[in-house]
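Structure file data.txt with compact mmCIF, C-alpha atoms:
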```txt
# COMPACT_ATOMS: atom_id res chain seq x y z
CA MET A 980 -12.70 -12.77 -32.62
CA TRP A 981 -15.19 -10.99 -30.34
CA ILE A 982 -15.20 -11.67 -26.60
CA ASP A 983 -17.73 -10.52 -24.02
CA VAL A 984 -15.55 -8.20 -21.98
CA TYR A 985 -17.66 -8.52 -18.82
CA ASN A 986 -17.41 -12.31 -18.80
CA ARG A 987 -13.68 -12.00 -19.38
CA MET A 988 -13.42 -9.59 -16.45
CA TYR A 989 -15.40 -11.96 -14.21
CA ARG A 990 -12.91 -14.72 -14.97
CA GLU A 991 -10.18 -12.34 -13.79
CA ARG A 992 -12.25 -11.68 -10.62
CA ILE A 993 -13.03 -8.12 -11.70
CA MET A 994 -16.60 -6.82 -11.60
CA PHE A 995 -17.88 -3.60 -13.12
CA LEU A 996 -21.12 -2.20 -11.69
CA ASN A 997 -22.33 0.50 -14.05
CA GLN A 998 -26.07 0.90 -13.69
CA GLU A 999 -28.76 1.65 -11.19
CA ILE A 1000 -29.14 -1.18 -8.70
CA ASP A 1001 -32.44 -3.03 -9.06
CA ASP A 1002 -33.52 -6.56 -8.15
CA ASN A 1003 -32.39 -8.10 -11.47
CA PHE A 1004 -28.98 -6.43 -11.47
CA ALA A 1005 -28.48 -7.29 -7.78
CA ASN A 1006 -29.30 -10.94 -8.47
CA THR A 1007 -26.74 -10.99 -11.28
CA ILE A 1008 -24.03 -9.47 -9.08
CA ILE A 1009 -24.84 -11.87 -6.23
CA ALA A 1010 -24.70 -14.82 -8.63
CA VAL A 1011 -21.25 -13.72 -9.85
CA LEU A 1012 -19.98 -13.33 -6.26
CA LEU A 1013 -21.22 -16.83 -5.41
CA TYR A 1014 -19.75 -18.27 -8.61
CA LEU A 1015 -16.36 -16.70 -7.83
CA GLU A 1016 -16.50 -18.22 -4.36
CA SER A 1017 -17.18 -21.67 -5.81
CA GLU A 1018 -14.30 -21.27 -8.27
CA ASN A 1019 -11.78 -20.07 -5.69
CA ALA A 1020 -12.71 -18.98 -2.19
CA ASN A 1021 -9.29 -17.45 -1.50
CA ASP A 1022 -8.43 -15.03 -4.30
CA ASN A 1023 -9.56 -11.44 -3.95
CA VAL A 1024 -12.25 -9.76 -6.04
CA ALA A 1025 -12.20 -6.19 -7.35
CA MET A 1026 -15.48 -4.31 -7.83
CA TYR A 1027 -15.45 -1.06 -9.84
CA TYR A 1028 -18.47 1.20 -9.32
CA ASN A 1029 -20.13 3.92 -11.38
CA VAL A 1030 -23.61 3.54 -9.86
CA PRO A 1031 -26.22 6.33 -9.81
CA GLY A 1032 -28.13 4.75 -6.91
CA GLY A 1033 -31.01 2.37 -7.01
CA VAL A 1034 -33.24 0.26 -4.84
CA THR A 1035 -31.92 0.21 -1.27
CA LYS A 1036 -33.13 -3.34 -0.52
CA SER A 1037 -31.46 -4.69 -3.68
CA GLY A 1038 -28.20 -2.98 -2.75
CA LEU A 1039 -28.38 -4.31 0.80
CA ALA A 1040 -28.72 -7.83 -0.64
CA ILE A 1041 -25.45 -7.28 -2.54
CA TYR A 1042 -23.82 -5.89 0.60
CA ASP A 1043 -24.94 -8.85 2.72
CA THR A 1044 -23.50 -11.24 0.14
CA MET A 1045 -20.23 -9.27 0.01
CA ARG A 1046 -19.96 -9.59 3.80
CA ILE A 1047 -20.26 -13.39 3.84
CA MET A 1048 -17.73 -14.03 1.09
CA PRO A 1049 -14.49 -15.58 2.41
CA TYR A 1050 -12.31 -13.49 0.08
CA SER A 1051 -11.36 -9.81 0.31
CA ILE A 1052 -13.31 -7.40 -1.86
CA GLN A 1053 -11.62 -4.29 -3.19
CA THR A 1054 -14.11 -1.53 -4.06
CA VAL A 1055 -13.30 1.44 -6.29
CA ASN A 1056 -15.50 4.43 -7.16
CA ILE A 1057 -14.57 5.31 -10.73
CA GLY A 1058 -17.32 7.84 -11.45
CA MET A 1059 -20.45 8.86 -9.58
CA CYS A 1060 -21.72 6.65 -6.79
CA ALA A 1061 -24.97 7.80 -5.23
CA GLN A 1062 -27.01 6.47 -2.31
CA ILE A 1063 -26.77 2.66 -2.28
CA GLY A 1064 -23.85 2.81 -4.75
CA ALA A 1065 -21.87 4.88 -2.24
CA PHE A 1066 -22.82 2.42 0.49
CA LEU A 1067 -21.54 -0.54 -1.53
CA VAL A 1068 -18.20 1.14 -2.22
CA GLY A 1069 -17.90 1.76 1.52
CA GLY A 1070 -18.82 -1.86 2.18
CA GLY A 1071 -15.62 -3.25 0.68
CA THR A 1072 -12.81 -4.73 2.74
CA PRO A 1073 -11.24 -2.10 5.04
CA GLY A 1074 -7.97 -0.88 3.55
CA LYS A 1075 -9.14 -1.88 0.06
CA ARG A 1076 -11.74 0.84 -0.55
CA PHE A 1077 -10.79 3.54 -3.03
CA ALA A 1078 -12.15 6.53 -4.93
CA LEU A 1079 -10.42 7.85 -8.04
CA PRO A 1080 -9.49 11.56 -7.92
CA ASN A 1081 -12.36 12.70 -10.15
CA SER A 1082 -14.99 10.37 -8.74
CA ARG A 1083 -17.84 11.64 -6.57
CA PHE A 1084 -20.16 10.29 -3.91
CA MET A 1085 -23.69 11.53 -3.33
CA MET A 1086 -25.39 10.76 -0.07
CA GLN A 1087 -29.16 10.57 -0.36
CA ASN A 1088 -31.90 9.53 2.02
CA PRO A 1089 -33.77 6.34 1.19
CA ARG A 1090 -37.20 7.12 -0.19
CA ILE A 1091 -40.37 5.59 -1.49
CA ASP A 1092 -40.33 5.82 -5.26
CA PRO A 1093 -43.56 5.76 -7.25
CA ARG A 1094 -44.43 2.78 -9.40
CA TYR A 1095 -44.64 3.52 -13.10
CA ASP A 1096 -46.95 2.21 -15.82
CA GLU A 1097 -45.76 0.79 -19.15
CA ASN A 1098 -45.56 4.35 -20.56
CA GLY A 1099 -43.31 5.59 -17.77
CA ARG A 1100 -46.00 7.61 -16.00
CA PRO A 1101 -46.24 7.46 -12.19
CA MET A 1102 -49.18 5.35 -11.06
CA PHE A 1103 -51.63 6.34 -8.36
CA ARG A 1104 -51.22 4.03 -5.37
CA PRO A 1105 -54.25 4.03 -3.11
CA MET A 1106 -53.50 2.61 0.30
CA GLN A 1107 -54.72 2.62 3.85
CA ALA A 1108 -53.00 4.63 6.55
CA THR A 1109 -51.62 1.46 8.13
CA GLU A 1110 -50.00 0.48 4.81
CA MET A 1111 -48.48 3.97 4.51
CA LYS A 1112 -47.18 3.72 8.07
CA LEU A 1113 -45.53 0.36 7.34
CA GLU A 1114 -43.85 1.69 4.19
CA VAL A 1115 -42.54 4.75 6.03
CA GLU A 1116 -41.28 2.60 8.91
CA GLU A 1117 -39.43 0.42 6.39
CA VAL A 1118 -37.74 3.47 4.84
CA ILE A 1119 -36.74 4.71 8.30
CA ARG A 1120 -35.32 1.24 9.07
CA ASP A 1121 -33.29 1.36 5.84
CA LYS A 1122 -31.98 4.82 6.74
CA LYS A 1123 -30.90 3.53 10.15
CA LEU A 1124 -29.07 0.60 8.50
CA LEU A 1125 -27.32 2.96 6.08
CA LEU A 1126 -26.30 5.36 8.85
CA GLU A 1127 -24.92 2.52 10.97
CA GLY A 1128 -23.03 1.12 7.98
CA PHE A 1129 -21.55 4.46 6.96
CA SER A 1130 -20.54 5.01 10.59
CA ARG A 1131 -18.66 1.67 10.58
CA PHE A 1132 -17.07 2.39 7.19
CA THR A 1133 -15.95 5.95 7.96
CA GLY A 1134 -15.57 6.18 11.74
CA ARG A 1135 -17.89 9.20 11.75
CA SER A 1136 -20.57 9.41 14.39
CA ILE A 1137 -24.16 8.63 13.50
CA ASP A 1138 -25.12 12.16 14.60
CA LEU A 1139 -22.71 13.73 12.09
CA LEU A 1140 -23.93 11.39 9.37
CA ARG A 1141 -27.56 12.13 10.22
CA ALA A 1142 -26.80 15.83 9.68
CA ASP A 1143 -25.14 14.97 6.33
CA PHE A 1144 -28.26 13.01 5.34
CA GLY A 1145 -30.46 16.01 6.09
CA ARG A 1146 -30.27 16.77 2.38
CA ASP A 1147 -28.57 15.40 -0.72
CA PHE A 1148 -24.90 15.67 0.19
```

If you took the structure in this file and wrote it as structure tokens, what would it be?
Amino acid sequence: MWIDVYNRMYRERIMFLNQEIDDNFANTIIAVLLYLESENANDNVAMYYNVPGGVTKSGLAIYDTMRIMPYSIQTVNIGMCAQIGAFLVGGGTPGKRFALPNSRFMMQNPRIDPRYDENGRPMFRPMQATEMKLEVEEVIRDKKLLLEGFSRFTGRSIDLLRADFGRDF
């Protein structure tokens, strides 16, 4: 008999995040977190990460949901966690955040990614200077949120983290 291993893991309060974070994947993860709360608001949840990054806003939606859950959330980096993936691992319950010996974190600045057409080619995005300014301000806001979060998670100063974020780290 075949069983969907991910659904079985969810029933055991174990989640496996193994792809780039986008809006659809974030919505699925948030739905599972909310479902687990409705099933039992007291038992802990374990989240295993092998996430190559993704959309910062989508990841922040997962993080915000993690923060309002009444249960503890154990986070474990089991592979490579980059950018928002690293942030989510750090966002677990203090004392319950882990990285396996051969796992890696990559710190990356938030950025504005191009939109792609149906053939995977970057699309030209004409915009006014005020639109560009708003997009850049939003990326800077996201970077500030990430720096503040990493500072809370690690105890490192924002100045040290800002230096780390000067390049892919």

12 Å contact set for Val984 (chain A), all atoms listed in the file, chain neighbours under 6 positions out, as a ChimeraX atom specification: /A:990-991,993-995

If I take CA of Ala1005 (chain A) and CA of Asp1096 (chain A), how far is one from the other in Å, to one decimal? 22.3 Å

To one decimal place, how far is CA of Ser1051 (chain A) from CA of Pro1073 (chain A) in Å?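 Rounded to one decimal, the two atoms are 9.0 Å apart.
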
For Leu1013 (chain A): contacts at 8 Å, all atoms listed in the file, fewer than 4 positions along chain excluded, given as a PDB file with C-alpha atoms, keeping the file's coordinate frame:
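Dumped to result35.pdb:
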```pdb
ATOM      1  CA  ILE A1009     -24.840 -11.870  -6.230  1.00  0.00           C
ATOM      2  CA  SER A1017     -17.180 -21.670  -5.810  1.00  0.00           C
ATOM      3  CA  MET A1048     -17.730 -14.030   1.090  1.00  0.00           C
TER       4      MET A1048
END
```

For a test of reading the model, state the distance in Å between CA of Arg1094 (chain A) and CA of Thr1109 (chain A), rounded to one decimal.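 About the pair CA of Arg1094 (chain A) and CA of Thr1109 (chain A): they are 19.0 Å apart.
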
So for region 1098-1112 of chain A, what box centre and size do we get, axis-aligned, 6 Å extra on each of the six sides, every listed atom, Å to one decimal, as AutoDock Vina command-line options?
```
--center_x -49.0 --center_y 4.0 --center_z -6.2 --size_x 23.4 --size_y 19.1 --size_z 40.7
```

Restricting the calculation to all atoms listed in the file: of A:Phe1066, A:Asp1143, A:Pro1093, A:Gly1038, which residue gets closest to Pro1105 (chain A)?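 Of A:Phe1066, A:Asp1143, A:Pro1093, A:Gly1038, the one nearest Pro1105 (chain A), counting all atoms listed in the file, is A:Pro1093.
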
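Shortest separation to Tyr1028 (chain A) among A:Gly1069, A:Gln1087, A:Asp1147, A:Ile1119 occurs at residue A:Gly1069, atoms counted being only C-alpha atoms.
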
Which is closest to Tyr1050 (chain A) among A:Val1011, A:Val1024, A:Ile1063, A:Ala1108, if we use only C-alpha atoms?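 Closest to Tyr1050 (chain A), using only C-alpha atoms: A:Val1024.
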
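Candidate residues A:Asn1088, A:Asn1056, A:Thr1072, A:Asn1098 were compared for distance to Arg1120 (chain A), and the nearest is A:Asn1088, using only C-alpha atoms.
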
For a cutoff of 9 Å around the file-coordinate point (-25.0, 0.6, -5.4), which residues qualify once you count only C-alpha atoms? I'd like the result as a count of residues only. 27
